[in-house]
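Listing of work_19.cif, mmCIF, C-alpha atoms
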```
data_upload
loop_
_atom_site.label_atom_id
_atom_site.label_comp_id
_atom_site.auth_asym_id
_atom_site.auth_seq_id
_atom_site.Cartn_x
_atom_site.Cartn_y
_atom_site.Cartn_z
CA MET A 928 102.98 -5.75 30.53
CA PHE A 929 100.42 -4.50 28.12
CA VAL A 930 100.99 -0.98 26.89
CA LEU A 931 98.20 -0.54 24.33
CA SER A 932 100.73 -0.82 21.51
CA GLY A 933 99.31 -0.60 18.03
CA TYR A 934 96.16 1.16 19.20
CA GLU A 935 97.42 4.71 18.76
CA TYR A 936 95.52 5.19 15.51
CA PHE A 937 92.45 3.63 17.07
CA LEU A 938 92.59 6.10 19.95
CA VAL A 939 93.03 9.06 17.58
CA PHE A 940 90.15 7.78 15.48
CA LEU A 941 88.01 7.37 18.60
CA VAL A 942 88.74 10.93 19.73
CA ILE A 943 87.86 12.31 16.27
CA CYS A 944 84.65 10.25 16.17
CA CYS A 945 83.58 11.45 19.59
CA SER A 946 84.36 15.08 18.82
CA VAL A 947 82.45 15.21 15.52
CA PRO A 948 78.90 15.17 16.99
CA VAL A 949 79.95 17.44 19.87
CA LEU A 950 81.53 19.94 17.47
CA ALA A 951 78.60 19.77 15.08
CA LEU A 952 76.06 20.50 17.80
CA THR A 953 78.06 23.23 19.56
CA LEU A 954 79.00 24.96 16.30
CA ALA A 955 75.38 24.84 15.15
CA GLY A 956 74.36 26.30 18.47
CA LEU A 957 76.97 29.06 18.26
CA LEU A 958 76.58 29.98 14.61
CA GLY A 959 72.91 29.19 14.00
CA ALA A 960 70.11 31.68 13.90
CA LYS A 961 68.74 32.51 17.30
CA GLY A 962 65.19 33.17 16.13
CA GLU A 963 62.47 31.44 18.08
CA GLY A 964 59.47 29.96 16.39
CA ALA A 965 57.50 26.84 15.71
CA ALA A 966 59.52 25.97 12.60
CA ARG A 967 62.75 26.02 14.59
CA ARG A 968 61.55 23.33 16.92
CA THR A 969 60.41 20.88 14.26
CA THR A 970 62.50 17.83 13.50
CA TYR A 971 64.63 18.09 10.39
CA GLU A 972 63.60 15.17 8.21
CA SER A 973 65.55 15.55 4.96
CA GLY A 974 63.59 18.64 4.01
CA MET A 975 60.26 16.87 4.38
CA GLU A 976 57.52 17.97 6.71
CA PRO A 977 57.57 15.54 9.63
CA ILE A 978 54.33 13.61 9.91
CA GLY A 979 53.13 12.40 13.28
CA GLY A 980 55.12 11.66 16.38
CA ALA A 981 58.46 9.93 16.59
CA TRP A 982 57.38 7.54 19.35
CA ILE A 983 55.35 5.22 17.20
CA GLN A 984 55.25 1.53 16.64
CA PHE A 985 57.56 0.64 13.78
CA ASN A 986 56.58 -1.53 10.88
CA ILE A 987 57.26 -5.23 11.27
CA ARG A 988 58.94 -5.29 7.83
CA TYR A 989 61.99 -3.55 9.26
CA TYR A 990 62.56 -6.51 11.55
CA MET A 991 63.45 -8.65 8.54
CA PHE A 992 66.39 -6.42 7.66
CA ALA A 993 67.57 -6.57 11.26
CA LEU A 994 67.42 -10.37 11.25
CA VAL A 995 69.31 -10.72 7.97
CA PHE A 996 71.87 -8.21 9.23
CA VAL A 997 72.35 -10.12 12.48
CA ILE A 998 73.06 -13.38 10.65
CA PHE A 999 75.76 -11.84 8.48
CA ASP A 1000 77.09 -9.94 11.48
CA VAL A 1001 77.70 -13.22 13.28
CA GLU A 1002 79.28 -14.60 10.10
CA THR A 1003 81.81 -11.75 10.31
CA VAL A 1004 82.91 -12.97 13.74
CA PHE A 1005 83.86 -16.32 12.23
CA LEU A 1006 85.66 -14.77 9.29
CA TYR A 1007 87.66 -12.32 11.42
CA PRO A 1008 90.28 -14.81 12.72
CA TRP A 1009 90.59 -16.18 9.18
CA ALA A 1010 91.37 -12.69 7.89
CA VAL A 1011 93.93 -12.05 10.65
CA ALA A 1012 95.65 -15.42 10.17
CA PHE A 1013 95.36 -15.35 6.38
CA ASN A 1014 99.09 -15.38 5.68
CA GLN A 1015 99.72 -18.40 7.91
CA LEU A 1016 96.77 -20.44 6.66
CA GLY A 1017 97.27 -20.84 2.93
CA LEU A 1018 95.09 -22.02 0.09
CA LEU A 1019 93.18 -24.79 1.86
CA ALA A 1020 91.79 -22.42 4.47
CA PHE A 1021 90.81 -20.04 1.68
CA VAL A 1022 88.75 -22.80 0.06
CA GLU A 1023 87.23 -23.69 3.44
CA ALA A 1024 86.25 -20.08 4.02
CA LEU A 1025 84.73 -19.97 0.54
CA ILE A 1026 82.63 -23.02 1.43
CA PHE A 1027 81.56 -21.27 4.64
CA ILE A 1028 80.53 -18.17 2.70
CA ALA A 1029 78.85 -20.21 -0.05
CA ILE A 1030 76.57 -21.93 2.48
CA LEU A 1031 75.50 -18.53 3.76
CA VAL A 1032 75.04 -17.15 0.25
CA VAL A 1033 72.39 -19.85 -0.15
CA GLY A 1034 70.60 -18.19 2.74
CA LEU A 1035 71.03 -14.78 1.15
CA VAL A 1036 69.58 -16.07 -2.11
CA TYR A 1037 66.67 -17.56 -0.17
CA ALA A 1038 66.05 -14.23 1.56
CA TRP A 1039 66.28 -12.45 -1.78
CA ARG A 1040 63.89 -14.83 -3.52
CA LYS A 1041 61.46 -14.61 -0.62
CA GLY A 1042 61.44 -10.84 -0.95
CA ALA A 1043 62.93 -10.25 2.45
CA LEU A 1044 65.30 -7.66 1.02
CA GLU A 1045 62.65 -5.57 -0.67
CA TRP A 1046 60.92 -2.58 0.77
CA SER A 1047 57.46 -3.28 -0.52
CA MET B 935 104.51 4.67 36.72
CA THR B 936 105.32 5.02 33.05
CA LEU B 937 103.23 6.90 30.51
CA ALA B 938 101.77 3.70 29.05
CA GLU B 939 100.64 2.46 32.44
CA GLY B 940 99.09 5.84 33.12
CA VAL B 941 97.19 5.69 29.82
CA GLN B 942 96.00 2.21 30.70
CA LEU B 943 94.88 3.27 34.17
CA VAL B 944 93.04 6.33 32.88
CA SER B 945 91.38 4.25 30.14
CA PHE B 946 90.30 1.67 32.69
CA GLY B 947 88.86 4.34 34.94
CA LEU B 948 86.96 5.99 32.08
CA LEU B 949 85.61 2.66 30.83
CA ALA B 950 84.60 1.51 34.30
CA ALA B 951 82.82 4.79 35.02
CA MET B 952 81.07 4.63 31.64
CA MET B 953 80.04 1.04 32.22
CA ILE B 954 78.63 1.63 35.69
CA GLY B 955 76.90 4.83 34.60
CA THR B 956 75.25 3.32 31.55
CA ALA B 957 74.31 0.17 33.47
CA LEU B 958 72.60 2.27 36.11
CA GLY B 959 70.85 4.16 33.32
CA VAL B 960 69.60 0.88 31.83
CA VAL B 961 68.03 -0.08 35.13
CA LEU B 962 66.82 3.27 36.38
CA LEU B 963 65.48 5.09 33.30
CA SER B 964 61.78 4.66 32.77
CA ASN B 965 61.92 5.05 28.98
CA ILE B 966 62.78 1.63 27.64
CA VAL B 967 64.25 2.98 24.37
CA TYR B 968 66.82 4.99 26.31
CA SER B 969 67.58 1.88 28.33
CA ALA B 970 68.21 -0.10 25.16
CA PHE B 971 70.59 2.53 23.78
CA LEU B 972 72.44 2.71 27.09
CA LEU B 973 72.74 -1.08 27.01
CA GLY B 974 74.76 -0.57 23.84
CA GLY B 975 76.99 1.75 25.88
CA VAL B 976 77.49 -1.01 28.46
CA PHE B 977 78.46 -3.48 25.73
CA ILE B 978 80.91 -1.01 24.16
CA SER B 979 82.52 -0.35 27.55
CA ILE B 980 82.96 -4.09 28.07
CA ALA B 981 84.59 -4.31 24.62
CA GLY B 982 86.97 -1.53 25.68
CA LEU B 983 87.86 -3.47 28.81
CA TYR B 984 88.61 -6.53 26.68
CA LEU B 985 90.92 -4.38 24.56
CA LEU B 986 92.69 -3.21 27.71
CA LEU B 987 93.10 -6.85 28.70
CA ASN B 988 94.78 -7.46 25.33
CA ALA B 989 91.97 -9.70 24.12
CA GLY B 990 91.45 -8.22 20.67
CA PHE B 991 89.34 -11.00 19.23
CA VAL B 992 86.98 -11.07 22.20
CA ALA B 993 86.62 -7.30 21.94
CA ALA B 994 85.79 -7.53 18.23
CA ALA B 995 83.32 -10.33 18.88
CA GLN B 996 81.78 -8.31 21.68
CA VAL B 997 81.25 -5.31 19.40
CA LEU B 998 80.00 -7.39 16.48
CA VAL B 999 77.71 -9.75 18.36
CA TYR B 1000 76.49 -7.73 21.32
CA VAL B 1001 76.47 -4.17 20.00
CA GLY B 1002 75.77 -5.09 16.40
CA ALA B 1003 73.41 -8.01 16.73
CA VAL B 1004 71.91 -8.39 20.19
CA ASN B 1005 71.38 -4.70 20.83
CA VAL B 1006 69.93 -4.12 17.35
CA LEU B 1007 67.47 -6.96 17.91
CA ILE B 1008 66.53 -5.59 21.34
CA LEU B 1009 65.97 -2.13 19.84
CA PHE B 1010 63.89 -3.51 17.01
CA GLY B 1011 61.89 -5.61 19.43
CA ILE B 1012 61.17 -2.53 21.53
CA MET B 1013 60.35 -0.30 18.58
CA LEU B 1014 58.02 -2.88 17.09
CA VAL B 1015 55.97 -3.25 20.24
CA ASN B 1016 56.52 0.19 21.72
CA LYS B 1017 52.95 1.30 22.16
CA GLN B 1018 52.44 4.08 24.60
CA GLU B 1019 49.96 2.53 26.94
CA ASP B 1020 49.06 3.26 30.48
CA PHE B 1021 49.80 0.13 32.37
CA LYS B 1022 47.72 -0.79 35.34
CA VAL B 1023 49.48 -0.83 38.65
CA ILE B 1024 49.92 -4.44 39.65
CA PRO B 1025 48.78 -5.18 43.18
CA ARG B 1026 51.46 -6.59 45.46
CA ALA B 1027 54.26 -5.52 43.12
CA TRP B 1028 56.72 -5.68 46.01
CA ILE B 1029 56.73 -9.49 45.80
CA GLY B 1030 58.10 -9.33 42.27
CA LYS B 1031 60.59 -6.66 43.24
CA ALA B 1032 61.77 -8.65 46.25
CA ALA B 1033 62.16 -11.79 44.13
CA THR B 1034 64.13 -9.84 41.51
CA GLY B 1035 66.32 -8.35 44.20
CA ALA B 1036 66.98 -11.77 45.74
CA VAL B 1037 67.93 -13.25 42.35
CA CYS B 1038 70.21 -10.31 41.56
CA VAL B 1039 71.94 -10.44 44.95
CA GLY B 1040 72.39 -14.20 44.61
CA LEU B 1041 73.85 -13.82 41.12
CA PHE B 1042 76.17 -11.08 42.36
CA ALA B 1043 77.33 -13.27 45.25
CA LEU B 1044 77.92 -16.20 42.90
CA LEU B 1045 79.96 -14.07 40.50
CA THR B 1046 81.94 -12.56 43.37
CA THR B 1047 82.90 -15.97 44.72
CA MET B 1048 83.89 -17.00 41.19
CA VAL B 1049 86.03 -13.90 40.74
CA LEU B 1050 87.71 -14.41 44.09
CA GLY B 1051 88.22 -18.13 43.53
CA THR B 1052 89.69 -17.95 40.03
CA PRO B 1053 93.47 -17.98 39.67
CA TRP B 1054 93.96 -15.07 37.28
CA ALA B 1055 97.68 -15.39 36.66
CA LEU B 1056 98.54 -16.26 33.07
CA SER B 1057 101.54 -18.33 32.18
CA SER B 1058 103.92 -16.35 30.01
CA ALA B 1059 103.41 -18.80 27.16
CA THR B 1060 99.79 -17.75 26.73
CA PRO B 1061 99.48 -15.80 23.48
CA VAL B 1062 97.83 -12.41 23.74
CA GLY B 1063 96.65 -9.79 21.31
CA ASP B 1064 96.94 -10.50 17.61
CA GLY B 1065 98.87 -13.68 18.31
CA ALA B 1066 95.80 -15.10 20.03
CA THR B 1067 93.61 -14.16 17.07
CA VAL B 1068 96.02 -15.86 14.66
CA LEU B 1069 96.01 -18.95 16.87
CA ILE B 1070 92.20 -18.98 16.90
CA GLY B 1071 92.23 -18.75 13.11
CA ILE B 1072 94.71 -21.61 12.78
CA HIS B 1073 92.67 -23.80 15.14
CA LEU B 1074 89.43 -22.87 13.43
CA PHE B 1075 90.74 -24.01 10.04
CA SER B 1076 92.53 -27.15 11.17
CA ASP B 1077 91.17 -29.17 14.08
CA PHE B 1078 87.94 -27.23 14.53
CA LEU B 1079 87.05 -27.15 10.86
CA LEU B 1080 83.86 -29.22 11.14
CA PRO B 1081 82.31 -27.08 13.90
CA PHE B 1082 83.28 -24.03 11.85
CA GLU B 1083 81.46 -25.25 8.77
CA LEU B 1084 78.55 -26.47 10.89
CA ALA B 1085 78.27 -22.97 12.32
CA SER B 1086 77.59 -21.73 8.82
CA VAL B 1087 74.85 -24.35 8.41
CA LEU B 1088 73.44 -23.27 11.77
CA LEU B 1089 73.44 -19.65 10.64
CA LEU B 1090 71.70 -20.68 7.43
CA MET B 1091 69.01 -22.49 9.43
CA ALA B 1092 68.58 -19.44 11.66
CA LEU B 1093 68.27 -17.17 8.62
CA VAL B 1094 65.67 -19.33 6.90
CA GLY B 1095 63.74 -19.86 10.12
CA ALA B 1096 63.78 -16.17 10.94
CA ILE B 1097 62.49 -15.26 7.49
CA ILE B 1098 59.69 -17.80 7.69
CA LEU B 1099 58.69 -16.63 11.17
CA ALA B 1100 58.96 -12.92 10.39
CA ARG B 1101 56.88 -13.25 7.23
CA ARG B 1102 54.12 -14.80 9.34
CA GLU B 1103 52.91 -16.90 6.47
CA TYR B 1104 52.42 -20.08 8.41
CA ILE B 1105 51.01 -18.72 11.62
CA PRO B 1106 47.29 -19.39 11.92
CA ASP B 1107 45.05 -16.72 13.38
CA GLU B 1108 43.26 -19.17 15.61
CA PRO B 1109 44.27 -22.63 16.75
CA VAL B 1110 43.39 -25.21 14.15
CA GLU B 1111 41.43 -28.31 15.01
CA ALA B 1112 43.92 -31.08 15.40
CA SER B 1113 43.13 -33.82 12.97
CA VAL B 1114 45.41 -36.18 11.14
CA SER B 1115 45.19 -34.45 7.79
CA ASP B 1116 45.42 -30.96 9.25
CA ALA B 1117 48.46 -31.82 11.29
CA LEU B 1118 50.40 -32.55 8.16
CA THR B 1119 49.62 -29.31 6.35
CA LEU B 1120 50.47 -25.88 7.64
CA PRO B 1121 47.68 -23.37 7.22
CA GLU B 1122 48.71 -20.36 5.23
CA ARG B 1123 47.34 -16.96 5.87
CA PRO B 1124 47.09 -14.55 2.94
CA ARG B 1125 49.67 -11.87 3.18
CA ASP B 1126 48.29 -8.45 3.79
CA LEU B 1127 49.98 -5.78 1.73
CA VAL B 1128 51.55 -3.11 3.86
CA SER B 1129 53.48 -0.12 2.68
CA ALA B 1130 56.98 -0.24 4.01
CA GLY B 1131 57.55 3.46 3.71
CA LYS B 1132 54.87 4.41 6.15
CA SER B 1133 54.62 2.80 9.51
CA ASP B 1134 51.08 2.13 10.58
CA ASN B 1135 50.48 3.98 13.75
#
```
For the file at hand, write its structure as structure tokens.
Amino acid sequence: MFVLSGYEYFLVFLVICCSVPVLALTLAGLLGAKGEGAARRTTYESGMEPIGGAWIQFNIRYYMFALVFVIFDVETVFLYPWAVAFNQLGLLAFVEALIFIAILVVGLVYAWRKGALEWS
Amino acid sequence: MTLAEGVQLVSFGLLAAMMIGTALGVVLLSNIVYSAFLLGGVFISIAGLYLLLNAGFVAAAQVLVYVGAVNVLILFGIMLVNKQEDFKVIPRAWIGKAATGAVCVGLFALLTTMVLGTPWALSSATPVGDGATVLIGIHLFSDFLLPFELASVLLLMALVGAIILARREYIPDEPVEASVSDALTLPERPRDLVSAGKSDN
């Protein structure tokens, strides 16, 4: 029967991750200044004055980063079993994985050359 | 009941409650951005259930593909088109709602019969956990090598196609007259320069 063996660190990590935002918000609420005012209610935006509303239509350029990210995210799924079974697979599988990555690097170079990775 | 079984039961209960709660939020909340974020919660809960079922690779794939890729694309799609508009009330909206309800109930019935009709018992020889992942890796690099490498070519095609579509260079503003010479050349629209730092409202 499955007993969640080997996931103890994962569970501890999960608990820490979940408690960080909760602690941050409650501690800020407990220790922060209680003064009311318009400045208190503004969104903190890295020290900049926030301009306009947050519910706006985003620029289409951001979509490109999402698409490139998604492709390499799916690539990770294919490389994950290779990484887990690395010791059993040997040199040939290493070369095969390199071929797999090389084909996708062509795509990365294409995206780079097309300016898909630039902000402007 | 041992401690480990108790942990598993509690984890299952938490994950199931989280999944049902977030799924209801996806359907019931009127703000579509909240729905999209809660959909990520549904996907993460499903990944947790896969972990409980000792299917580590499926859980990792679930997190990577659904939470990382599908949900990000859904969020971007929403944020790109999320214009606050007042939509007109469609007359006879109940027809659409009834059709949706019928499809959902039918799908639920189909899945229920599948769940009830599937023999769930695993033979003891079935590898679970990391052993299954290792076995997937060994298969992927021996007898499924060609599909594996073809997947990379498929990803490359998707990347190039996505870039070409997202750059909107070859999309004409208005439909072009279909003639023999025009059909062979793709009309190119000049790129308009937009600042990436500011989003045009």
| said: Take the PyMOL selection byres ((chain A) within 8 of (chain B)), run it mentally on this structure, and tell me the resulting residues as an MDAnalysis selection string. | reply: chainID A and resid 929:931 982:991 993:998 1000:1005 1008:1009 1011:1012 1015:1016 1020 1023 1026:1028 1030:1031 1033:1034 1037:1038 1043 1046:1047
Once you add 3 Å to each side, what are the centre and edge lengths of the axis-aligned box holding all listed atoms of range 1075-1087 of chain B? One decimal in Å, as lines of an AutoDock Vina configuration file, if you can.
```
center_x = 83.7
center_y = -25.5
center_z = 11.5
size_x = 23.7
size_y = 13.5
size_z = 12.1
```
| note | Expressed in Å, the length from CA of Ala966 in chain A to CA of Leu952 in chain A is 18.2 Å
| Chain and number of each residue from the PyMOL selection byres ((chain B and resi 944-960) around 8), as a PyMOL selection string | chain B and resi 940-943+961-963+968-970+972-973+975-976+979-980+982-983+986
| query | Quick one: distance from CA of Gly956 in chain A to CA of Thr970 in chain A in Å, one decimal? | reply | 15.4 Å
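Atom pair CA of Gly974 in chain A / CA of Glu1045 in chain A: separated by 24.7 Å.
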